[in-house]
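Structure file coords.tsv with TSV, C-alpha atoms:
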chain	number	residue	atom	x	y	z
A	20	MET	CA	100.21	73.94	110.94
A	21	LYS	CA	102.76	76.66	111.61
A	22	ILE	CA	101.35	80.13	112.06
A	23	THR	CA	103.51	81.51	109.24
A	24	THR	CA	101.98	78.90	106.90
A	25	LYS	CA	98.50	79.97	107.98
A	26	LEU	CA	99.35	83.63	107.44
A	27	TRP	CA	100.76	82.91	103.96
A	28	ILE	CA	97.51	81.11	103.13
A	29	GLY	CA	95.74	84.27	104.28
A	30	ILE	CA	97.92	86.36	101.94
A	31	VAL	CA	97.12	84.03	99.02
A	32	VAL	CA	93.39	84.37	99.77
A	33	LEU	CA	93.80	88.16	99.76
A	34	ILE	CA	95.62	87.99	96.41
A	35	ILE	CA	92.77	85.96	94.90
A	36	LEU	CA	90.17	88.36	96.33
A	37	SER	CA	92.15	91.48	95.35
A	38	PRO	CA	90.11	92.18	92.16
A	39	LEU	CA	87.33	93.27	94.55
A	40	GLY	CA	89.46	96.41	94.91
A	41	LEU	CA	88.92	96.93	91.20
A	42	ILE	CA	85.35	95.71	90.75
A	43	LEU	CA	83.67	97.41	93.75
A	44	PRO	CA	84.85	100.96	92.86
A	45	LYS	CA	83.59	100.39	89.28
A	46	HIS	CA	80.27	99.09	90.53
A	47	PHE	CA	79.73	102.06	92.83
A	48	LYS	CA	80.96	104.50	90.19
A	49	ALA	CA	83.75	105.79	92.37
A	50	GLY	CA	86.69	107.55	90.78
A	51	GLY	CA	90.34	107.24	91.72
A	52	ALA	CA	91.82	108.22	95.05
A	53	TRP	CA	91.78	111.92	95.88
A	54	GLY	CA	94.91	113.68	94.66
A	55	GLU	CA	96.23	110.66	92.80
A	56	ALA	CA	95.37	111.63	89.22
A	57	LYS	CA	98.58	111.56	87.17
A	58	LEU	CA	100.12	114.99	86.60
A	59	SER	CA	103.53	114.11	85.29
A	60	SER	CA	105.45	110.92	84.78
A	61	LEU	CA	109.09	111.05	85.78
A	62	TRP	CA	109.22	107.32	85.94
A	63	LYS	CA	107.74	104.79	83.57
A	64	ALA	CA	106.44	102.03	85.78
A	65	PRO	CA	106.40	98.70	83.94
A	66	LEU	CA	102.89	97.81	85.15
A	67	PRO	CA	101.12	101.11	85.85
A	68	ASP	CA	97.97	100.79	87.99
A	69	TYR	CA	98.43	97.02	88.36
A	70	ALA	CA	97.22	96.59	84.78
A	71	PHE	CA	98.61	95.20	81.54
A	72	LYS	CA	99.06	97.38	78.50
A	73	GLY	CA	96.47	96.71	75.83
A	74	TRP	CA	94.17	94.84	78.19
A	75	GLU	CA	92.18	97.94	79.11
A	76	GLU	CA	89.43	97.27	76.57
A	77	LYS	CA	89.18	93.58	77.23
A	78	GLY	CA	86.83	93.97	80.15
A	79	LEU	CA	86.77	93.42	83.85
A	80	SER	CA	87.67	89.73	83.78
A	81	HIS	CA	90.94	90.49	82.02
A	82	SER	CA	91.79	93.41	84.27
A	83	SER	CA	90.99	91.19	87.27
A	84	ILE	CA	93.49	88.60	86.07
A	85	ALA	CA	96.08	91.33	85.48
A	86	TYR	CA	95.38	92.62	89.00
A	87	ILE	CA	95.94	89.17	90.54
A	88	ILE	CA	99.14	88.61	88.57
A	89	SER	CA	100.34	92.08	89.62
A	90	ALA	CA	99.65	91.24	93.26
A	91	LEU	CA	101.54	87.96	92.95
A	92	LEU	CA	104.47	89.57	91.17
A	93	GLY	CA	104.64	92.42	93.67
A	94	ILE	CA	104.66	89.99	96.57
A	95	VAL	CA	107.35	87.78	95.02
A	96	ILE	CA	109.57	90.86	94.63
A	97	ILE	CA	108.75	91.98	98.19
A	98	VAL	CA	109.69	88.57	99.59
A	99	ILE	CA	113.01	88.64	97.72
A	100	ALA	CA	113.68	92.21	98.93
A	101	VAL	CA	112.88	91.38	102.57
A	102	TRP	CA	114.97	88.21	102.36
A	103	LEU	CA	117.93	90.28	101.12
A	104	ILE	CA	117.38	92.92	103.82
A	105	GLY	CA	117.15	90.13	106.41
A	106	LYS	CA	120.43	88.67	105.17
A	107	ILE	CA	122.17	92.02	105.46
A	108	LEU	CA	120.71	92.76	108.92
A	109	LEU	CA	121.53	89.29	110.25
A	110	LYS	CA	125.19	89.63	109.30
A	111	LYS	CA	126.83	90.14	112.66
A	112	GLY	CA	130.01	91.93	113.46
A	113	ASP	CA	129.80	95.05	111.34
B	24	MET	CA	97.26	108.47	100.22
B	25	HIS	CA	99.95	107.64	97.65
B	26	ILE	CA	101.16	111.06	96.54
B	27	PRO	CA	102.14	110.84	92.85
B	28	ASP	CA	104.95	112.67	91.08
B	29	GLY	CA	104.22	116.27	90.24
B	30	TYR	CA	102.13	117.15	93.31
B	31	LEU	CA	104.93	118.02	95.71
B	32	GLY	CA	107.57	120.60	94.87
B	33	PRO	CA	111.27	119.67	94.84
B	34	SER	CA	111.92	121.19	98.27
B	35	THR	CA	109.08	119.21	99.86
B	36	CYS	CA	110.25	115.98	98.20
B	37	GLY	CA	113.83	116.64	99.31
B	38	PHE	CA	112.73	117.52	102.81
B	39	PHE	CA	110.92	114.23	103.32
B	40	TYR	CA	113.77	112.18	101.86
B	41	ALA	CA	116.07	114.01	104.28
B	42	VAL	CA	113.72	113.20	107.18
B	43	MET	CA	113.30	109.56	106.18
B	44	ILE	CA	116.97	108.67	105.62
B	45	PRO	CA	117.91	108.84	109.33
B	46	ILE	CA	114.67	107.03	110.19
B	47	TRP	CA	115.51	104.23	107.75
B	48	ILE	CA	119.04	104.03	109.20
B	49	ALA	CA	117.69	103.93	112.76
B	50	SER	CA	115.16	101.23	111.79
B	51	SER	CA	117.92	99.09	110.30
B	52	LYS	CA	120.15	99.50	113.35
B	53	ILE	CA	117.38	98.77	115.85
B	54	VAL	CA	115.98	95.82	113.94
B	55	LYS	CA	119.51	94.46	113.34
B	56	LYS	CA	120.06	94.26	117.10
B	57	THR	CA	117.06	92.05	117.74
B	58	LEU	CA	116.35	90.29	114.46
B	59	LYS	CA	116.57	86.52	114.55
B	60	ALA	CA	116.65	84.38	111.41
B	61	LYS	CA	113.27	82.85	112.20
B	62	GLN	CA	111.65	86.30	112.26
B	63	VAL	CA	112.53	87.18	108.65
B	64	PRO	CA	109.47	85.29	107.30
B	65	MET	CA	107.22	87.40	109.58
B	66	LEU	CA	108.83	90.55	108.21
B	67	ALA	CA	108.11	89.33	104.67
B	68	ILE	CA	104.53	88.45	105.59
B	69	GLY	CA	104.10	91.93	107.09
B	70	ALA	CA	105.38	93.64	103.93
B	71	ALA	CA	103.30	91.38	101.68
B	72	PHE	CA	100.21	92.02	103.80
B	73	THR	CA	100.41	95.81	103.60
B	74	PHE	CA	101.11	95.56	99.86
B	75	VAL	CA	98.07	93.44	99.09
B	76	ILE	CA	95.67	95.15	101.54
B	77	MET	CA	96.42	98.48	99.80
B	78	MET	CA	95.11	96.92	96.55
B	79	PHE	CA	91.63	96.64	98.09
B	80	ASN	CA	90.30	99.98	96.93
B	81	VAL	CA	87.18	100.80	98.89
B	82	PRO	CA	84.73	103.02	97.02
B	83	ILE	CA	82.83	105.95	98.39
B	84	PRO	CA	79.78	105.58	96.11
B	85	GLY	CA	79.97	108.25	93.43
B	86	GLY	CA	83.07	109.69	95.07
B	87	SER	CA	86.68	108.71	95.43
B	88	THR	CA	88.33	105.49	96.51
B	89	GLY	CA	90.82	104.71	99.24
B	90	HIS	CA	92.15	101.78	101.17
B	91	ALA	CA	93.52	100.51	104.43
B	92	VAL	CA	97.30	100.33	104.86
B	93	GLY	CA	97.49	97.49	107.38
B	94	GLY	CA	100.55	99.17	108.84
B	95	VAL	CA	99.24	99.45	112.38
B	96	LEU	CA	98.71	95.70	112.48
B	97	VAL	CA	102.26	95.08	111.27
B	98	ALA	CA	103.54	97.45	113.97
B	99	ILE	CA	101.55	95.67	116.69
B	100	LEU	CA	103.03	92.31	115.62
B	101	LEU	CA	106.59	93.27	114.69
B	102	GLY	CA	107.16	96.55	116.52
B	103	PRO	CA	107.17	99.98	114.87
B	104	TRP	CA	110.77	99.92	113.58
B	105	ALA	CA	110.39	96.60	111.78
B	106	ALA	CA	107.00	97.81	110.50
B	107	CYS	CA	108.73	100.89	109.08
B	108	ILE	CA	111.04	98.64	107.06
B	109	ALA	CA	108.23	96.33	105.93
B	110	ILE	CA	105.93	99.17	104.79
B	111	THR	CA	108.81	100.99	103.09
B	112	VAL	CA	109.56	97.88	101.02
B	113	ALA	CA	105.89	97.68	99.98
B	114	LEU	CA	105.72	101.40	99.09
B	115	VAL	CA	108.93	101.29	97.05
B	116	VAL	CA	107.70	98.27	95.05
B	117	GLN	CA	104.36	100.04	94.49
B	118	ALA	CA	106.09	103.18	93.21
B	119	LEU	CA	108.73	101.52	91.02
B	120	LEU	CA	106.77	98.64	89.57
B	121	PHE	CA	103.19	99.87	89.53
B	122	GLY	CA	103.46	103.66	89.48
B	123	ASP	CA	101.39	103.78	92.69
B	124	GLY	CA	102.86	106.83	94.40
B	125	GLY	CA	105.56	108.91	92.76
B	126	ILE	CA	109.27	108.16	92.97
B	127	THR	CA	109.96	111.76	93.98
B	128	ALA	CA	107.32	111.37	96.72
B	129	ILE	CA	108.69	108.11	98.18
B	130	GLY	CA	110.15	110.11	101.08
B	131	ALA	CA	106.82	111.81	101.85
B	132	ASN	CA	104.73	108.68	101.32
B	133	CYS	CA	107.05	106.68	103.58
B	134	PHE	CA	106.94	109.44	106.18
B	135	ASN	CA	103.13	109.28	106.26
B	136	MET	CA	102.50	105.56	105.85
B	137	ALA	CA	105.73	103.82	106.96
B	138	PHE	CA	106.68	106.11	109.86
B	139	ILE	CA	103.80	108.17	111.29
B	140	LEU	CA	101.12	105.51	110.77
B	141	PRO	CA	102.87	102.55	112.45
B	142	PHE	CA	104.38	104.61	115.27
B	143	VAL	CA	101.15	106.40	116.21
B	144	GLY	CA	99.24	103.13	115.95
B	145	TYR	CA	101.79	101.09	117.88
B	146	TYR	CA	102.05	103.40	120.88
B	147	LEU	CA	98.30	103.94	121.06
B	148	TYR	CA	97.83	100.17	121.08
B	149	LYS	CA	100.46	99.83	123.81
B	150	VAL	CA	98.81	102.47	126.00
B	151	ILE	CA	95.24	101.21	125.59
B	152	SER	CA	96.16	97.53	125.98
B	153	TYR	CA	98.52	98.19	128.89
B	154	ASN	CA	98.46	95.25	131.31
B	155	ALA	CA	95.53	93.67	129.47
B	156	PRO	CA	95.63	89.86	129.22
B	157	ILE	CA	96.56	88.55	125.76
B	158	ASP	CA	93.05	87.17	125.16
B	159	SER	CA	91.18	90.22	126.41
B	160	ASN	CA	88.66	92.25	124.43
B	161	ARG	CA	90.57	95.37	125.44
B	162	ARG	CA	93.32	94.30	123.01
B	163	ILE	CA	90.81	94.08	120.15
B	164	PHE	CA	89.46	97.51	121.08
B	165	ALA	CA	93.01	98.88	121.32
B	166	ALA	CA	93.82	97.49	117.87
B	167	ALA	CA	90.73	99.12	116.35
B	168	VAL	CA	91.41	102.53	117.92
B	169	ALA	CA	95.10	102.35	116.97
B	170	GLY	CA	94.21	101.48	113.35
B	171	TYR	CA	91.64	104.26	113.10
B	172	ILE	CA	93.81	106.98	114.63
B	173	GLY	CA	97.05	105.81	112.97
B	174	ILE	CA	95.71	106.04	109.42
B	175	ASN	CA	93.88	109.29	110.15
B	176	VAL	CA	96.96	111.08	111.46
B	177	ALA	CA	98.83	109.90	108.35
B	178	ALA	CA	96.02	111.08	106.05
B	179	PHE	CA	95.84	114.43	107.80
B	180	LEU	CA	99.58	114.94	107.28
B	181	ALA	CA	99.27	113.95	103.61
B	182	GLY	CA	96.56	116.63	103.36
B	183	VAL	CA	98.90	119.20	104.93
B	184	GLU	CA	101.68	118.22	102.51
B	185	PHE	CA	99.35	118.60	99.52
B	186	GLY	CA	97.87	121.80	100.89
B	187	LEU	CA	101.15	123.61	101.48
B	188	GLN	CA	102.22	123.33	97.83
B	189	PRO	CA	100.33	126.31	96.38
B	190	MET	CA	101.87	128.47	99.11
B	191	LEU	CA	105.38	127.12	98.61
B	192	HIS	CA	105.48	126.94	94.83
B	193	HIS	CA	103.67	129.34	92.55
B	194	THR	CA	104.36	131.59	89.61
B	195	ALA	CA	104.71	135.35	90.02
B	196	SER	CA	101.02	135.66	89.19
B	197	GLY	CA	100.13	133.19	91.93
B	198	GLN	CA	99.40	130.12	89.83
B	199	ALA	CA	100.28	126.87	91.57
B	200	LEU	CA	103.18	124.95	90.05
B	201	TYR	CA	102.47	121.64	91.74
B	202	SER	CA	99.43	120.50	93.73
B	203	PRO	CA	96.83	123.21	93.16
B	204	TYR	CA	94.71	122.50	96.24
B	205	GLY	CA	94.88	124.86	99.18
B	206	LEU	CA	95.39	123.72	102.76
B	207	LYS	CA	91.70	123.74	103.63
B	208	VAL	CA	90.55	121.77	100.58
B	209	ALA	CA	93.35	119.22	100.87
B	210	ILE	CA	92.89	118.62	104.60
B	211	TYR	CA	89.09	118.38	104.28
B	212	ALA	CA	89.46	115.87	101.45
B	213	MET	CA	92.15	113.69	102.99
B	214	ALA	CA	90.99	113.85	106.60
B	215	GLY	CA	87.31	113.72	105.72
B	216	GLU	CA	87.34	110.55	103.65
B	217	HIS	CA	89.61	108.76	106.11
B	218	LEU	CA	87.59	109.82	109.16
B	219	LEU	CA	84.36	108.73	107.48
B	220	VAL	CA	85.34	105.60	105.58
B	221	PHE	CA	88.91	104.39	105.23
B	222	GLY	CA	89.81	104.79	108.91
B	223	TRP	CA	87.06	102.31	109.77
B	224	VAL	CA	88.43	99.86	107.23
B	225	GLU	CA	91.86	100.06	108.88
B	226	ALA	CA	90.23	99.68	112.32
B	227	ILE	CA	88.26	96.58	111.32
B	228	VAL	CA	91.19	94.91	109.54
B	229	THR	CA	93.50	95.53	112.52
B	230	ALA	CA	90.96	94.37	115.12
B	231	LEU	CA	89.90	91.26	113.19
B	232	VAL	CA	93.43	89.98	112.72
B	233	VAL	CA	94.30	90.64	116.38
B	234	LYS	CA	91.17	88.72	117.38
B	235	TYR	CA	92.17	85.85	115.08
B	236	LEU	CA	95.71	85.76	116.48
B	237	GLN	CA	94.45	85.74	120.09
B	238	LYS	CA	93.07	82.27	119.31
B	239	GLN	CA	95.51	80.99	116.69
B	240	SER	CA	98.86	82.33	117.79
B	241	PRO	CA	98.78	84.33	121.03
B	242	GLU	CA	102.60	84.24	121.26
B	243	LEU	CA	102.72	86.71	118.33
B	244	LEU	CA	100.83	89.22	120.45
B	245	ARG	CA	103.03	88.56	123.45
B	246	GLU	CA	106.45	89.00	121.89
B	247	GLY	CA	105.83	92.68	121.30
B	248	GLY	CA	108.08	93.38	118.42
B	249	LEU	CA	111.19	92.19	116.65
Would you encode the structure as structure tokens?
Amino acid sequence: MKITTKLWIGIVVLIILSPLGLILPKHFKAGGAWGEAKLSSLWKAPLPDYAFKGWEEKGLSHSSIAYIISALLGIVIIVIAVWLIGKILLKKGD
Amino acid sequence: MHIPDGYLGPSTCGFFYAVMIPIWIASSKIVKKTLKAKQVPMLAIGAAFTFVIMMFNVPIPGGSTGHAVGGVLVAILLGPWAACIAITVALVVQALLFGDGGITAIGANCFNMAFILPFVGYYLYKVISYNAPIDSNRRIFAAAVAGYIGINVAAFLAGVEFGLQPMLHHTASGQALYSPYGLKVAIYAMAGEHLLVFGWVEAIVTALVVKYLQKQSPELLREGGL
């Protein structure tokens, strides 16, 4: 197996495990990151805090699914962005 | 370490955009010179890795949360300039799509996490692992130290950026307009939690992946950057 394939499998495993980053802080009653409480919103992010609107009260299983879908979506967009950047940087002669 | 909107004054935000623009241009130029088509997937994996590792919020029981950045690892594998591009992509997607980090603070957040963190980590790793065989334990040790110090320098600087705001921006009566925390409080908070907890997470993540790659794909450790 190619190493890039192995590393992508690793990324997928991390995506599936990512809700730990949601569940563990809840379990240990930890708050948000220091200095990251919202003060003002100049920009309306479509998926604030890797969560879906209206799913807040549906419990941890729902927010975990939203978290995983957010991770997947973020990574799809990142791959497209890097692919575009790669295309631009690989263009020789300018 | 993702500074949101409203914590940094306009001059601080502008300053860090002004600092980052030439760094982004230099990264593009340097990576352009050496990038080969087959390396683009590694760049994407690097960006995806930092994005997802930052979702693993690690709790300090009863306290705050934080996370590793994974940026030192990306710098060790792709070189610091390519890492700067990869982490910037992750931070911009986090800010625009998920509101993680402010859009006005993208310059500052990229300075801390996409510039300082990978560069400090990369050169520390290079110095400590100098002349060490690819499969040596010294490389694992170097990766751990580089991860720990890299994220801590970045966190310290984020603390300074927060902490300067009440001095830079306040009303005539002295009330802070943006981040209200003074230098001491902000540095203690940012540096403290990273020295005690999140720095170790970065160290372990960096060291474990380097150890894995020593066995699975030593050529990645040999190439030394895009």
task: Could you tell me which of B:His90, B:Lys52, B:Lys61, B:His217 comes closest to Trp102 (chain A) if we count all atoms listed in the file?
output: B:Lys61
- line: Computed gap from CA of Cys107 (chain B) to CA of Ser51 (chain B) is 9.4 Å
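Using all atoms listed in the file, the shortest contact distance between chain B and any of A:Pro67, A:Ile35, A:Lys21, A:Ile28 is found at A:Pro67.
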message: With 7 Å as the limit and counting only C-alpha atoms, what residues in chain A lie close to chain B? Please list them as a PyMOL selection string.
response: chain A and resi 22-23+27+30+33-34+37+39-41+43-44+47-53+55+57-61+64-69+90+93-94+97-98+101-102+105+108-109
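Between CA of Tyr146 (chain B) and CA of Ala169 (chain B) the interatomic distance comes to 8.0 Å.
Each of B:Gly130, B:Gly197, B:Pro103, B:Gly93 was compared to Phe39 (chain B) using only C-alpha atoms, and B:Gly130 turns out to be the nearest.
Our summary of the geometry notes that CA of Lys111 (chain A) is positioned 20.6 Å from CA of Leu101 (chain B).
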- request: Write out as a PyMOL selection string the residues lying within 10 Å of Glu75 (chain A), counting all atoms listed in the file and excluding same-chain residues fewer than 6 positions away.
  value: chain A and resi 81-82+85
- prompt: For Arg245 (chain B), which residue among B:Leu218, B:Leu100, B:Thr111, B:Phe138 is the nearest when counting all atoms listed in the file?
  reply: B:Leu100
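Using all atoms listed in the file, the shortest contact distance between Tyr145 (chain B) and any of B:Phe164, B:Trp223, B:Phe38, B:Trp104 is found at B:Trp104.
Among the candidates B:Leu96, B:Val233, B:Leu147, B:Ala49, the residue lying nearest to Asn160 (chain B) is B:Val233 (atoms considered: all atoms listed in the file).
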